[in-house]
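Peer 1: Submitted below is the structure of interest, expressed as structure tokens.
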Amino acid sequence: MKLIACSGGPDSMALLDMERKTGGGLFVCHVNYRKRPTADRDEAIVRQYCETHGLGLAVLYPHYEGGNFQAWARDVRYDFFCRQAHLQGIGKILVAHQQDDLLETYVFQRERHMRCDWYGLRYRSRRQDLVIERPLLGWTKAGLEAYCQENGVAFGVDESNLGDDYTRNRIRHGMKKEERPALLREISMANRRLLAKQRRATAFFAVHPAADLFSQEDGPELLETWIWRQTGMHLSGRQTRELFRQLQKDCVAEVKGWLVERHGLLLHMAPVKDLEYQEVVIETQEQLTRYQGVQAAGKTIERFSVTPADYPLCIRSVKPKDAICLRWGTKKLSRYFIDKKISRIDRLKWKVIANREGRVIFMPGIGCDKDHFDSGEVHWFSFQPWKKEL
């Protein structure tokens with residue numbers, strides 16, 4: 001069973017007809033943005049084809065609320081396709097990108113000097129847990145229109161593609177036929193170089209701490225690949241070189257909503273939003289036992305007890321002047337971080353438990369204060385903000 005994304009244009013109608021003729025179950029999805037006068041016509045074309053051949057069809061009418069229409073429309077339709085695939089128990093979605101789309105995408109990437117995990121369009125990719133396939137990358141748009149005409153397949157022409165309002169339209173209309181073979185070779189070479197770079201990074205990080213990349217001649221490229229693996233985002237060449245310069249020594253840098261830290265031989269990354277100050281108020285024992293990390297048993301250092309007088313408790317991020325009163329004296333939490341060589345990013349992830357007076361009564365790594373070891377209801381708090389990094 002396959003899900004076919006069908007707009008009603010010649011590309012997707014040709015794909016739908018080809019797949020139907022190969023046999024096997026098909027389910028069709030159409031998105032009607034109702035943004036142009038012929039939108040309902042395209043929907044009618046898809047409906048008629050599905051009714052004629054007994055194919056299941058789902059249609060979405062999304063509501064546009066502003067912003068970049070192209071980006072919004074892409075997210076809306078792919079989310080719709082994925083929802084329908086899950087509802088129908090389908091694991092594969094076919095979309096009708098063809099060679100013109102492949103070339104336009106590559107020129108678009110090249111003009112903006114984009115760093116990508118693939119140049120042009122992949123034949124196969126993934127979204128959520130689903131496979132996305134593009135079987136028509138070897139076809140031209142003209143070839144698909146000819147297929148529809150020769151096979152009596154109705155299609156509509158999206159008039160928004162005829163002007164140069166969108167960058168991709170300008171690229172498409174400015175591309176000469178004789179340029180296509182050279183561009184296809186260029187795409188192939190670019191992806192070969194990209195795969196070689198990724199293989200080099202895989203081999204390097206398999207045996208080296210991440211910070212060893214700063215002694216490598218291709219260190220900036222290794223750094224950019226490492227960041228892409230951690231975050232799924234690509235940095236420009238200028239951003240990568242500047243970050244590479246900063247990380248020559250221990251420091252914390254912010255880039256595109258992420259913190260990057262060099263901490264000895266390790267590199268750490270975390271989204272800034274995940275490191276903002278957090279605080280959860282716990283009013284009852286039942287709320288406490290439901291809190292993530294609190295459990296009914298554990299190691300001695302994870303143990304603490306509370307009495308009704310301690311409530312409401314507060315499980316929160318560490319504050320600069322926090323300290324905990326131990327049997328042998330008071331210890332500043334900042335001193336613990338320094339002594340244990342805890343990275344700054346991990347310090348921001350750390351949580352402590354404070355009682356109603358604001359006094360820290362438990363600190364992961366240290367344990368509870370001198371008055372909360374065995375004086376009331378007993379709990380264990382297993383919280384490890386650190387994780388293994390490259």
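Chain labels follow the order of the structure tokens: the first chain is A, the next B, and so on; residue numbering restarts at 1 in every chain, and ligands are counted from 1 in their shown order.
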From a backbone DSSP assignment, name each residue in region 115-360 of chain A labelled strand (DSSP E or B), as an MDAnalysis selection string.
Peer 2: chainID A and resid 124:127 130:133 251:255 258:263 266:271 279:282 294:295 303:306 313:317 323:326 329:332 351:354 360
Peer 1: Keeping C-alpha atoms, export the residues of the selection given above as a PDB file, in the first residue's frame.
Peer 2:
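Printed below is again_2.pdb as written:
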```pdb
ATOM      1  CA  ARG A 124      14.423   8.498  -0.710  1.00  0.00           C
ATOM      2  CA  SER A 125      14.212  10.357   2.594  1.00  0.00           C
ATOM      3  CA  ARG A 126      12.305  10.062   5.865  1.00  0.00           C
ATOM      4  CA  ARG A 127       9.779  12.168   7.707  1.00  0.00           C
ATOM      5  CA  LEU A 130       7.694   7.231   7.162  1.00  0.00           C
ATOM      6  CA  VAL A 131       9.613   6.763   3.917  1.00  0.00           C
ATOM      7  CA  ILE A 132       9.272   9.547   1.334  1.00  0.00           C
ATOM      8  CA  GLU A 133      10.068   8.475  -2.235  1.00  0.00           C
ATOM      9  CA  CYS A 251      34.272  28.670  26.402  1.00  0.00           C
ATOM     10  CA  VAL A 252      30.529  28.794  25.755  1.00  0.00           C
ATOM     11  CA  ALA A 253      29.188  30.265  22.501  1.00  0.00           C
ATOM     12  CA  GLU A 254      25.637  30.736  21.256  1.00  0.00           C
ATOM     13  CA  VAL A 255      24.653  29.975  17.687  1.00  0.00           C
ATOM     14  CA  TRP A 258      21.929  26.646  20.740  1.00  0.00           C
ATOM     15  CA  LEU A 259      24.739  26.852  23.280  1.00  0.00           C
ATOM     16  CA  VAL A 260      28.000  25.217  22.228  1.00  0.00           C
ATOM     17  CA  GLU A 261      30.610  24.558  24.916  1.00  0.00           C
ATOM     18  CA  ARG A 262      34.224  23.469  24.776  1.00  0.00           C
ATOM     19  CA  HIS A 263      34.958  21.779  28.087  1.00  0.00           C
ATOM     20  CA  LEU A 266      34.570  17.441  25.192  1.00  0.00           C
ATOM     21  CA  LEU A 267      32.101  19.466  23.174  1.00  0.00           C
ATOM     22  CA  HIS A 268      28.563  19.940  24.448  1.00  0.00           C
ATOM     23  CA  MET A 269      25.472  21.363  22.760  1.00  0.00           C
ATOM     24  CA  ALA A 270      22.006  22.140  24.081  1.00  0.00           C
ATOM     25  CA  PRO A 271      19.076  24.317  22.964  1.00  0.00           C
ATOM     26  CA  GLU A 279      10.808  25.808  38.673  1.00  0.00           C
ATOM     27  CA  VAL A 280       8.098  23.313  39.679  1.00  0.00           C
ATOM     28  CA  VAL A 281       6.131  23.752  42.907  1.00  0.00           C
ATOM     29  CA  ILE A 282       5.241  20.486  44.682  1.00  0.00           C
ATOM     30  CA  VAL A 294      11.605  10.665  42.162  1.00  0.00           C
ATOM     31  CA  GLN A 295      11.397   6.954  42.957  1.00  0.00           C
ATOM     32  CA  ARG A 303      17.961   9.522  49.407  1.00  0.00           C
ATOM     33  CA  PHE A 304      16.148  12.372  51.153  1.00  0.00           C
ATOM     34  CA  SER A 305      13.161  12.734  53.462  1.00  0.00           C
ATOM     35  CA  VAL A 306      10.571  15.461  53.957  1.00  0.00           C
ATOM     36  CA  LEU A 313       8.652  21.973  47.901  1.00  0.00           C
ATOM     37  CA  CYS A 314      10.277  23.551  44.888  1.00  0.00           C
ATOM     38  CA  ILE A 315      12.233  21.544  42.313  1.00  0.00           C
ATOM     39  CA  ARG A 316      14.181  24.156  40.386  1.00  0.00           C
ATOM     40  CA  SER A 317      17.312  25.148  38.559  1.00  0.00           C
ATOM     41  CA  ALA A 323      24.392  26.283  49.211  1.00  0.00           C
ATOM     42  CA  ILE A 324      23.552  23.116  51.113  1.00  0.00           C
ATOM     43  CA  CYS A 325      24.102  22.530  54.836  1.00  0.00           C
ATOM     44  CA  LEU A 326      25.893  19.201  55.308  1.00  0.00           C
ATOM     45  CA  GLY A 329      29.561  22.228  57.100  1.00  0.00           C
ATOM     46  CA  THR A 330      27.954  24.316  54.389  1.00  0.00           C
ATOM     47  CA  LYS A 331      28.970  23.791  50.766  1.00  0.00           C
ATOM     48  CA  LYS A 332      28.269  26.221  47.947  1.00  0.00           C
ATOM     49  CA  LYS A 351      17.955  20.668  39.510  1.00  0.00           C
ATOM     50  CA  VAL A 352      17.792  20.984  43.289  1.00  0.00           C
ATOM     51  CA  ILE A 353      14.982  20.512  45.803  1.00  0.00           C
ATOM     52  CA  ALA A 354      14.220  23.408  48.173  1.00  0.00           C
ATOM     53  CA  VAL A 360      18.175  23.625  49.472  1.00  0.00           C
TER      54      VAL A 360
END
```
Peer 1: List the spatial neighbours of Ile93 (chain A) as an NGL selection string - criterion: any atom at most 12 Å away, only C-alpha atoms, same-chain residues fewer than 6 positions off excluded.
Peer 2: :A and (1-6 or 15-16 or 19 or 26-29 or 77-86 or 123-135)
Peer 1: Store the residues of this selection in a file with C-alpha atoms, as a short mmCIF file (atom, residue, chain, number, x, y, z; two decimals), in the first residue's frame.
Peer 2:
```cif
data_model
loop_
_atom_site.label_atom_id
_atom_site.label_comp_id
_atom_site.auth_asym_id
_atom_site.auth_seq_id
_atom_site.Cartn_x
_atom_site.Cartn_y
_atom_site.Cartn_z
CA MET A 1 0.00 0.00 0.00
CA LYS A 2 1.32 3.43 -0.97
CA LEU A 3 0.13 6.96 -0.33
CA ILE A 4 0.29 9.28 -3.37
CA ALA A 5 0.53 13.05 -2.83
CA CYS A 6 -1.46 14.47 -5.75
CA LEU A 15 2.78 9.58 -11.02
CA LEU A 16 -0.70 8.53 -9.90
CA GLU A 19 1.55 3.72 -9.93
CA LEU A 26 -3.02 3.20 -3.43
CA PHE A 27 -4.42 5.96 -1.24
CA VAL A 28 -4.47 9.54 -2.55
CA CYS A 29 -4.05 12.82 -0.65
CA ARG A 77 0.88 19.20 3.39
CA TYR A 78 3.61 16.91 4.71
CA ASP A 79 2.02 16.79 8.16
CA PHE A 80 -1.27 15.93 6.45
CA PHE A 81 0.33 13.19 4.37
CA CYS A 82 1.94 11.68 7.47
CA ARG A 83 -1.30 11.75 9.47
CA GLN A 84 -3.18 10.04 6.67
CA ALA A 85 -0.42 7.46 6.20
CA HIS A 86 -0.64 6.55 9.89
CA TYR A 123 15.27 9.78 -4.19
CA ARG A 124 14.42 8.50 -0.71
CA SER A 125 14.21 10.36 2.59
CA ARG A 126 12.31 10.06 5.87
CA ARG A 127 9.78 12.17 7.71
CA GLN A 128 8.70 11.05 11.16
CA ASP A 129 8.73 7.23 10.84
CA LEU A 130 7.69 7.23 7.16
CA VAL A 131 9.61 6.76 3.92
CA ILE A 132 9.27 9.55 1.33
CA GLU A 133 10.07 8.48 -2.24
CA ARG A 134 10.48 10.57 -5.38
CA PRO A 135 10.24 8.11 -8.31
#
```
Peer 1: Do a neighbour search on Leu223 (chain A) at 9 Å with only C-alpha atoms, toss out local chain neighbours closer than 5 positions, and write the hits as a PDB file with N, CA, C and O atoms, in the first residue's frame.
Peer 2:
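The resulting selection_9.pdb:
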```
ATOM      1  N   ALA A 201      34.123  12.241   8.816  1.00  0.00           N
ATOM      2  CA  ALA A 201      33.699  12.648  10.159  1.00  0.00           C
ATOM      3  C   ALA A 201      33.328  11.425  10.998  1.00  0.00           C
ATOM      4  O   ALA A 201      33.678  11.340  12.180  1.00  0.00           O
ATOM      5  N   ALA A 210      35.743  14.831  20.589  1.00  0.00           N
ATOM      6  CA  ALA A 210      35.356  15.869  19.634  1.00  0.00           C
ATOM      7  C   ALA A 210      36.353  17.018  19.602  1.00  0.00           C
ATOM      8  O   ALA A 210      36.617  17.593  18.541  1.00  0.00           O
ATOM      9  N   LEU A 213      39.271  17.688  17.067  1.00  0.00           N
ATOM     10  CA  LEU A 213      39.109  18.232  15.713  1.00  0.00           C
ATOM     11  C   LEU A 213      39.852  19.552  15.547  1.00  0.00           C
ATOM     12  O   LEU A 213      40.168  19.965  14.430  1.00  0.00           O
ATOM     13  N   PHE A 214      40.172  20.229  16.665  1.00  0.00           N
ATOM     14  CA  PHE A 214      40.823  21.539  16.567  1.00  0.00           C
ATOM     15  C   PHE A 214      42.284  21.424  16.145  1.00  0.00           C
ATOM     16  O   PHE A 214      42.915  22.424  15.831  1.00  0.00           O
ATOM     17  N   ASP A 218      41.237  19.867   8.471  1.00  0.00           N
ATOM     18  CA  ASP A 218      39.852  20.065   8.057  1.00  0.00           C
ATOM     19  C   ASP A 218      38.934  20.234   9.276  1.00  0.00           C
ATOM     20  O   ASP A 218      37.742  19.902   9.230  1.00  0.00           O
ATOM     21  N   TRP A 228      25.855  19.575  12.803  1.00  0.00           N
ATOM     22  CA  TRP A 228      24.706  19.081  12.038  1.00  0.00           C
ATOM     23  C   TRP A 228      24.177  17.785  12.645  1.00  0.00           C
ATOM     24  O   TRP A 228      22.951  17.599  12.762  1.00  0.00           O
ATOM     25  N   THR A 240      30.839  28.919  10.819  1.00  0.00           N
ATOM     26  CA  THR A 240      31.658  27.783  11.248  1.00  0.00           C
ATOM     27  C   THR A 240      33.067  28.222  11.594  1.00  0.00           C
ATOM     28  O   THR A 240      33.635  27.816  12.621  1.00  0.00           O
ATOM     29  N   LEU A 243      33.063  30.167  14.923  1.00  0.00           N
ATOM     30  CA  LEU A 243      32.866  29.262  16.057  1.00  0.00           C
ATOM     31  C   LEU A 243      34.107  28.422  16.298  1.00  0.00           C
ATOM     32  O   LEU A 243      34.512  28.199  17.449  1.00  0.00           O
ATOM     33  N   PHE A 244      34.744  27.964  15.230  1.00  0.00           N
ATOM     34  CA  PHE A 244      35.981  27.182  15.343  1.00  0.00           C
ATOM     35  C   PHE A 244      37.050  28.000  16.051  1.00  0.00           C
ATOM     36  O   PHE A 244      37.788  27.478  16.901  1.00  0.00           O
TER      37      PHE A 244
END
```
Peer 1: List every residue of region 342-383 of chain A that DSSP, applied to the backbone of this structure, places in helix (DSSP H, G or I), and write the result as a list in words.
Peer 2: Arg344, Ile345, Asp346, Arg347, Leu348 and Lys349 of chain A
Peer 1: Go ahead and dump the residues you just picked, C-alpha atoms, as a PDB file, in the first residue's frame.
Peer 2:
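Generated output (part-v4.pdb):
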```pdb
ATOM      1  CA  ARG A 344      28.550  25.068  32.239  1.00  0.00           C
ATOM      2  CA  ILE A 345      25.804  23.555  30.096  1.00  0.00           C
ATOM      3  CA  ASP A 346      25.343  20.705  32.577  1.00  0.00           C
ATOM      4  CA  ARG A 347      25.217  23.222  35.434  1.00  0.00           C
ATOM      5  CA  LEU A 348      22.277  24.906  33.704  1.00  0.00           C
ATOM      6  CA  LYS A 349      20.495  21.539  33.457  1.00  0.00           C
TER       7      LYS A 349
END
```
Peer 1: Would you compute the distance between CA of Ile227 (chain A) and CA of Arg185 (chain A)? Give it in Å to one decimal.
Peer 2: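 Interatomic distance, CA of Ile227 (chain A) to CA of Arg185 (chain A): 28.3 Å.
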Peer 1: Which residue gives the smallest distance to Phe155 (chain A) among A:Leu275, A:Ala14, A:Val207, A:Ala309, with only C-alpha atoms counted?
Peer 2: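 Ranking A:Leu275, A:Ala14, A:Val207, A:Ala309 by distance to Phe155 (chain A), first place goes to A:Ala14.
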Peer 1: Could you check the closest approach to Ala196 (chain A) for each of A:Thr225, A:Thr284, A:Gln292, A:Ser12 and tell me which residue wins, using only C-alpha atoms?
Peer 2: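 Among A:Thr225, A:Thr284, A:Gln292, A:Ser12, it is A:Thr225 that comes nearest to Ala196 (chain A).
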Peer 1: Closest to Ser188 (chain A) among A:Tyr64, A:Phe362, A:Tyr49, A:Tyr119, using only C-alpha atoms?
Peer 2: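 For Ser188 (chain A), the nearest of the candidates is A:Tyr119.
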Peer 1: Please, what distance in Å, to one decimal, runs between CA of Gln287 (chain A) and CA of Val272 (chain A)?
Peer 2: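 Distance reported for this atom pair: 27.6 Å.
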